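Enquirer: This is final.csv (CSV, N, CA and C atoms).
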```
chain,number,residue,atom,x,y,z
A,1,MET,N,92.8,125.2,88.4
A,1,MET,CA,92.7,124.5,87.1
A,1,MET,C,91.8,123.3,87.1
A,2,THR,N,91.4,122.8,86.0
A,2,THR,CA,90.5,121.7,85.9
A,2,THR,C,91.0,120.7,84.9
A,3,MET,N,91.0,119.4,85.2
A,3,MET,CA,91.4,118.4,84.2
A,3,MET,C,90.1,117.9,83.5
A,4,LEU,N,90.3,117.5,82.3
A,4,LEU,CA,89.2,116.9,81.5
A,4,LEU,C,89.1,115.4,81.9
A,5,VAL,N,87.9,115.0,82.2
A,5,VAL,CA,87.6,113.5,82.4
A,5,VAL,C,87.1,113.0,81.0
A,6,THR,N,87.8,112.0,80.5
A,6,THR,CA,87.5,111.6,79.2
A,6,THR,C,86.7,110.3,79.1
A,7,GLY,N,86.5,109.5,80.1
A,7,GLY,CA,85.9,108.2,80.0
A,7,GLY,C,84.5,108.2,80.5
A,8,TYR,N,83.9,109.4,80.7
A,8,TYR,CA,82.6,109.5,81.4
A,8,TYR,C,81.7,110.4,80.6
A,9,THR,N,80.4,110.0,80.3
A,9,THR,CA,79.5,110.8,79.5
A,9,THR,C,78.6,111.6,80.5
A,10,SER,N,78.6,111.3,81.8
A,10,SER,CA,77.7,112.0,82.7
A,10,SER,C,78.4,111.9,84.1
A,11,LYS,N,77.9,112.8,85.0
A,11,LYS,CA,78.4,112.8,86.4
A,11,LYS,C,78.0,111.5,87.1
A,12,LYS,N,76.8,111.0,86.7
A,12,LYS,CA,76.3,109.8,87.3
A,12,LYS,C,77.2,108.6,86.9
A,13,GLU,N,77.7,108.6,85.7
A,13,GLU,CA,78.7,107.5,85.3
A,13,GLU,C,80.0,107.7,86.0
A,14,LEU,N,80.4,108.9,86.3
A,14,LEU,CA,81.6,109.1,87.0
A,14,LEU,C,81.5,108.7,88.5
A,15,LYS,N,80.3,109.0,89.1
A,15,LYS,CA,80.0,108.5,90.4
A,15,LYS,C,80.0,107.0,90.5
A,16,ALA,N,79.5,106.3,89.5
A,16,ALA,CA,79.5,104.9,89.5
A,16,ALA,C,80.9,104.2,89.4
A,17,SER,N,81.9,105.0,89.1
A,17,SER,CA,83.2,104.6,89.0
A,17,SER,C,84.0,104.6,90.3
A,18,VAL,N,83.3,104.9,91.4
A,18,VAL,CA,84.0,105.0,92.7
A,18,VAL,C,84.7,103.6,93.0
A,19,GLY,N,85.9,103.7,93.4
A,19,GLY,CA,86.7,102.4,93.6
A,19,GLY,C,87.6,102.1,92.4
A,20,LYS,N,87.5,102.8,91.3
A,20,LYS,CA,88.3,102.5,90.1
A,20,LYS,C,89.2,103.7,89.9
A,21,SER,N,90.1,103.5,88.9
A,21,SER,CA,91.0,104.5,88.5
A,21,SER,C,90.3,105.6,87.7
A,22,LEU,N,90.8,106.8,87.7
A,22,LEU,CA,90.2,107.9,87.0
A,22,LEU,C,90.7,108.0,85.6
A,23,GLN,N,89.8,108.1,84.6
A,23,GLN,CA,90.2,108.3,83.2
A,23,GLN,C,90.2,109.8,82.9
A,24,TYR,N,91.3,110.4,82.6
A,24,TYR,CA,91.4,111.8,82.5
A,24,TYR,C,92.5,112.2,81.5
A,25,GLN,N,92.5,113.5,81.2
A,25,GLN,CA,93.5,114.1,80.3
A,25,GLN,C,94.0,115.4,81.0
A,26,GLU,N,95.2,115.5,81.2
A,26,GLU,CA,95.8,116.7,81.8
A,26,GLU,C,95.6,117.9,80.9
A,27,THR,N,95.3,119.1,81.4
A,27,THR,CA,95.1,120.2,80.5
A,27,THR,C,95.9,121.4,80.9
A,28,SER,N,96.6,121.4,82.0
A,28,SER,CA,97.4,122.5,82.5
A,28,SER,C,98.7,122.6,81.8
A,29,MET,N,99.1,123.7,81.4
A,29,MET,CA,100.5,123.9,80.9
A,29,MET,C,101.5,124.2,82.0
A,30,PHE,N,101.0,124.2,83.2
A,30,PHE,CA,101.9,124.5,84.4
A,30,PHE,C,102.3,123.3,85.2
A,31,GLY,N,102.0,122.1,84.6
A,31,GLY,CA,102.4,120.9,85.3
A,31,GLY,C,101.2,120.0,85.6
A,32,PRO,N,101.4,118.8,86.0
A,32,PRO,CA,100.3,117.9,86.3
A,32,PRO,C,99.5,118.3,87.5
A,33,GLU,N,98.1,118.1,87.3
A,33,GLU,CA,97.2,118.5,88.4
A,33,GLU,C,96.7,117.2,89.1
A,34,TYR,N,96.9,116.1,88.5
A,34,TYR,CA,96.4,114.8,89.0
A,34,TYR,C,97.1,114.5,90.3
A,35,LYS,N,96.4,114.1,91.3
A,35,LYS,CA,96.9,113.7,92.6
A,35,LYS,C,96.4,112.2,92.9
A,36,SER,N,97.4,111.3,93.2
A,36,SER,CA,96.9,110.0,93.5
A,36,SER,C,96.2,109.9,94.8
A,37,THR,N,96.4,110.9,95.7
A,37,THR,CA,95.6,111.0,96.9
A,37,THR,C,95.4,112.5,97.1
A,38,GLY,N,94.1,112.9,97.1
A,38,GLY,CA,93.7,114.3,97.2
A,38,GLY,C,92.4,114.6,96.5
A,39,THR,N,92.1,115.9,96.5
A,39,THR,CA,90.8,116.3,95.8
A,39,THR,C,91.2,117.4,94.8
A,40,PHE,N,90.5,117.3,93.6
A,40,PHE,CA,90.7,118.3,92.6
A,40,PHE,C,89.4,118.3,91.7
A,41,ALA,N,89.3,119.4,90.9
A,41,ALA,CA,88.2,119.6,90.0
A,41,ALA,C,88.4,118.9,88.7
A,42,VAL,N,87.3,118.4,88.1
A,42,VAL,CA,87.3,117.8,86.8
A,42,VAL,C,86.1,118.3,86.0
A,43,ALA,N,86.2,118.2,84.7
A,43,ALA,CA,85.1,118.6,83.8
A,43,ALA,C,85.0,117.6,82.6
A,44,HIS,N,83.8,117.5,82.1
A,44,HIS,CA,83.6,116.8,80.9
A,44,HIS,C,83.1,117.8,79.9
A,45,ARG,N,83.9,118.1,78.9
A,45,ARG,CA,83.6,119.1,77.9
A,45,ARG,C,83.5,118.5,76.5
A,46,PRO,N,82.3,118.0,76.1
A,46,PRO,CA,82.2,117.3,74.9
A,46,PRO,C,82.5,118.1,73.6
A,47,GLN,N,82.3,119.4,73.7
A,47,GLN,CA,82.7,120.2,72.5
A,47,GLN,C,84.2,120.3,72.3
A,48,VAL,N,85.0,120.1,73.4
A,48,VAL,CA,86.4,120.1,73.3
A,48,VAL,C,87.0,118.7,72.9
A,49,THR,N,86.5,117.7,73.5
A,49,THR,CA,87.0,116.3,73.4
A,49,THR,C,86.4,115.6,72.2
A,50,GLY,N,85.2,116.0,71.7
A,50,GLY,CA,84.6,115.2,70.7
A,50,GLY,C,83.9,114.0,71.2
A,51,LEU,N,83.8,113.8,72.5
A,51,LEU,CA,83.1,112.7,73.1
A,51,LEU,C,81.6,113.0,73.3
A,52,PRO,N,80.8,112.0,73.3
A,52,PRO,CA,79.4,112.2,73.6
A,52,PRO,C,79.1,112.6,75.0
A,53,GLY,N,77.9,113.1,75.3
A,53,GLY,CA,77.5,113.5,76.6
A,53,GLY,C,77.3,114.9,76.8
A,54,ARG,N,76.8,115.3,78.0
A,54,ARG,CA,76.6,116.7,78.3
A,54,ARG,C,77.8,117.2,79.1
A,55,GLU,N,78.0,118.5,79.1
A,55,GLU,CA,79.0,119.1,79.9
A,55,GLU,C,78.7,119.0,81.4
A,56,PHE,N,79.7,118.6,82.2
A,56,PHE,CA,79.5,118.6,83.7
A,56,PHE,C,80.8,118.9,84.3
A,57,PHE,N,80.7,119.3,85.6
A,57,PHE,CA,81.9,119.6,86.4
A,57,PHE,C,81.7,118.8,87.7
A,58,ALA,N,82.8,118.4,88.3
A,58,ALA,CA,82.7,117.7,89.6
A,58,ALA,C,84.0,117.9,90.4
A,59,SER,N,83.9,117.6,91.7
A,59,SER,CA,85.0,117.5,92.5
A,59,SER,C,85.3,116.0,92.8
A,60,VAL,N,86.5,115.6,92.6
A,60,VAL,CA,86.8,114.2,92.8
A,60,VAL,C,87.8,114.0,93.9
A,61,THR,N,87.6,113.1,94.8
A,61,THR,CA,88.5,112.8,95.9
A,61,THR,C,89.1,111.4,95.5
A,62,MET,N,90.5,111.4,95.6
A,62,MET,CA,91.2,110.1,95.3
A,62,MET,C,92.0,109.7,96.5
A,63,ALA,N,92.2,108.4,96.6
A,63,ALA,CA,93.0,107.8,97.6
A,63,ALA,C,93.8,106.6,96.9
A,64,ASP,N,95.1,106.6,96.9
A,64,ASP,CA,95.9,105.5,96.3
A,64,ASP,C,95.5,105.2,94.9
A,65,ASP,N,95.3,106.2,94.0
A,65,ASP,CA,94.9,106.1,92.6
A,65,ASP,C,93.5,105.5,92.4
A,66,LYS,N,92.7,105.5,93.4
A,66,LYS,CA,91.3,105.1,93.2
A,66,LYS,C,90.3,106.2,93.6
A,67,ILE,N,89.2,106.3,92.9
A,67,ILE,CA,88.2,107.3,93.1
A,67,ILE,C,87.5,107.0,94.5
A,68,VAL,N,87.5,107.9,95.4
A,68,VAL,CA,86.8,107.7,96.7
A,68,VAL,C,85.5,108.3,96.7
A,69,SER,N,85.4,109.5,96.2
A,69,SER,CA,84.1,110.2,96.2
A,69,SER,C,84.0,111.2,95.0
A,70,VAL,N,82.8,111.5,94.6
A,70,VAL,CA,82.5,112.5,93.6
A,70,VAL,C,81.4,113.4,94.0
A,71,SER,N,81.6,114.7,93.9
A,71,SER,CA,80.5,115.6,94.3
A,71,SER,C,80.4,116.7,93.3
```
Turn the structure described in the file into structure tokens.
Expert:
Amino acid sequence: MTMLVTGYTSKKELKASVGKSLQYQETSMFGPEYKSTGTFAVAHRPQVTGLPGREFFASVTMADDKIVSVS
């Protein structure tokens, strides 16, 4: 499953947020996917959220509720 990232209009902007908290919206009906420490997939889907920007997907690694890396 993939969570929607809501505070980023591009993957570049998401990468610039390393060291900060992730702005996201849970999308799974099977329970939370967010991990305060771990790696998971995220997506920016402007046609779904109504937010500006292009669609992108990324893998985000978190440690203690902070973004460590984005690929």
Enquirer: At a cut-off of 9 Å around the point (81.6, 111.1, 98.6) (file coordinates), what residues fall inside when counting only C-alpha atoms? I'd like the answer as a short mmCIF file (atom, residue, chain, number, x, y, z; two decimals) with N, CA and C atoms, in the frame of the given file.
Expert:
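The resulting file, result-v9.cif, is reproduced below:
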```cif
data_model
loop_
_atom_site.label_atom_id
_atom_site.label_comp_id
_atom_site.auth_asym_id
_atom_site.auth_seq_id
_atom_site.Cartn_x
_atom_site.Cartn_y
_atom_site.Cartn_z
N LYS A 15 80.30 109.00 89.10
CA LYS A 15 80.00 108.50 90.40
C LYS A 15 80.00 107.00 90.50
N VAL A 18 83.30 104.90 91.40
CA VAL A 18 84.00 105.00 92.70
C VAL A 18 84.70 103.60 93.00
N VAL A 60 86.50 115.60 92.60
CA VAL A 60 86.80 114.20 92.80
C VAL A 60 87.80 114.00 93.90
N THR A 61 87.60 113.10 94.80
CA THR A 61 88.50 112.80 95.90
C THR A 61 89.10 111.40 95.50
N VAL A 68 87.50 107.90 95.40
CA VAL A 68 86.80 107.70 96.70
C VAL A 68 85.50 108.30 96.70
N SER A 69 85.40 109.50 96.20
CA SER A 69 84.10 110.20 96.20
C SER A 69 84.00 111.20 95.00
N VAL A 70 82.80 111.50 94.60
CA VAL A 70 82.50 112.50 93.60
C VAL A 70 81.40 113.40 94.00
N SER A 71 81.60 114.70 93.90
CA SER A 71 80.50 115.60 94.30
C SER A 71 80.40 116.70 93.30
#
```
Enquirer: When you draw a straight line from atom N of Asp64 in chain A to atom C of His44 in chain A, how long is it in Å?
Expert: 23.6 Å
Enquirer: List the neighbours of Ser36 in chain A out to 6.5 Å using all atoms listed in the file; skip same-chain residues closer than 6 positions along the sequence, and give me the result as a ChimeraX atom specification.
Expert: /A:62-66
Enquirer: Which of chain A end up as strand (DSSP E) when DSSP is run on this backbone - answer as number ranges by chain?
Expert: A: 3-5, 24-25, 38-44, 56-63, 66-70
Enquirer: Could you check which of A:Gly53, A:Gly7, A:Ser59, A:Pro46 is closest to Lys20 in chain A, using only C-alpha atoms?
Expert: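 Closest to Lys20 in chain A, using only C-alpha atoms: A:Gly7.
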Enquirer: Using only C-alpha atoms, pick whichever of A:Thr37, A:Ser21, A:Thr9, A:Ser28 has the shortest atom-to-atom distance to Phe56 in chain A.
Expert: A:Thr9
Enquirer: Hey, can you check how far atom C of Ser17 in chain A sits from atom C of Pro32 in chain A?
Expert: 20.9 Å
Enquirer: Between A:Phe40, A:Lys12, A:Ile67, A:Leu4, which one has atoms that come closest to Tyr24 in chain A, using all atoms listed in the file?
Expert: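 Closest to Tyr24 in chain A of all the choices is A:Leu4.
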Enquirer: So how far away is CA of Tyr8 in chain A from atom C of Arg54 in chain A, in Å?
Expert: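 These two atoms are separated by 9.4 Å.
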Enquirer: Looking only at alpha helix (DSSP H) from DSSP on the backbone, list the matching residues of chain A as a list in words.
Expert: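 Result set for chain A (alpha helix (DSSP H)): Lys11, Lys12, Glu13, Leu14, Lys15, Pro46, Gln47, Val48 and Thr49 of chain A.
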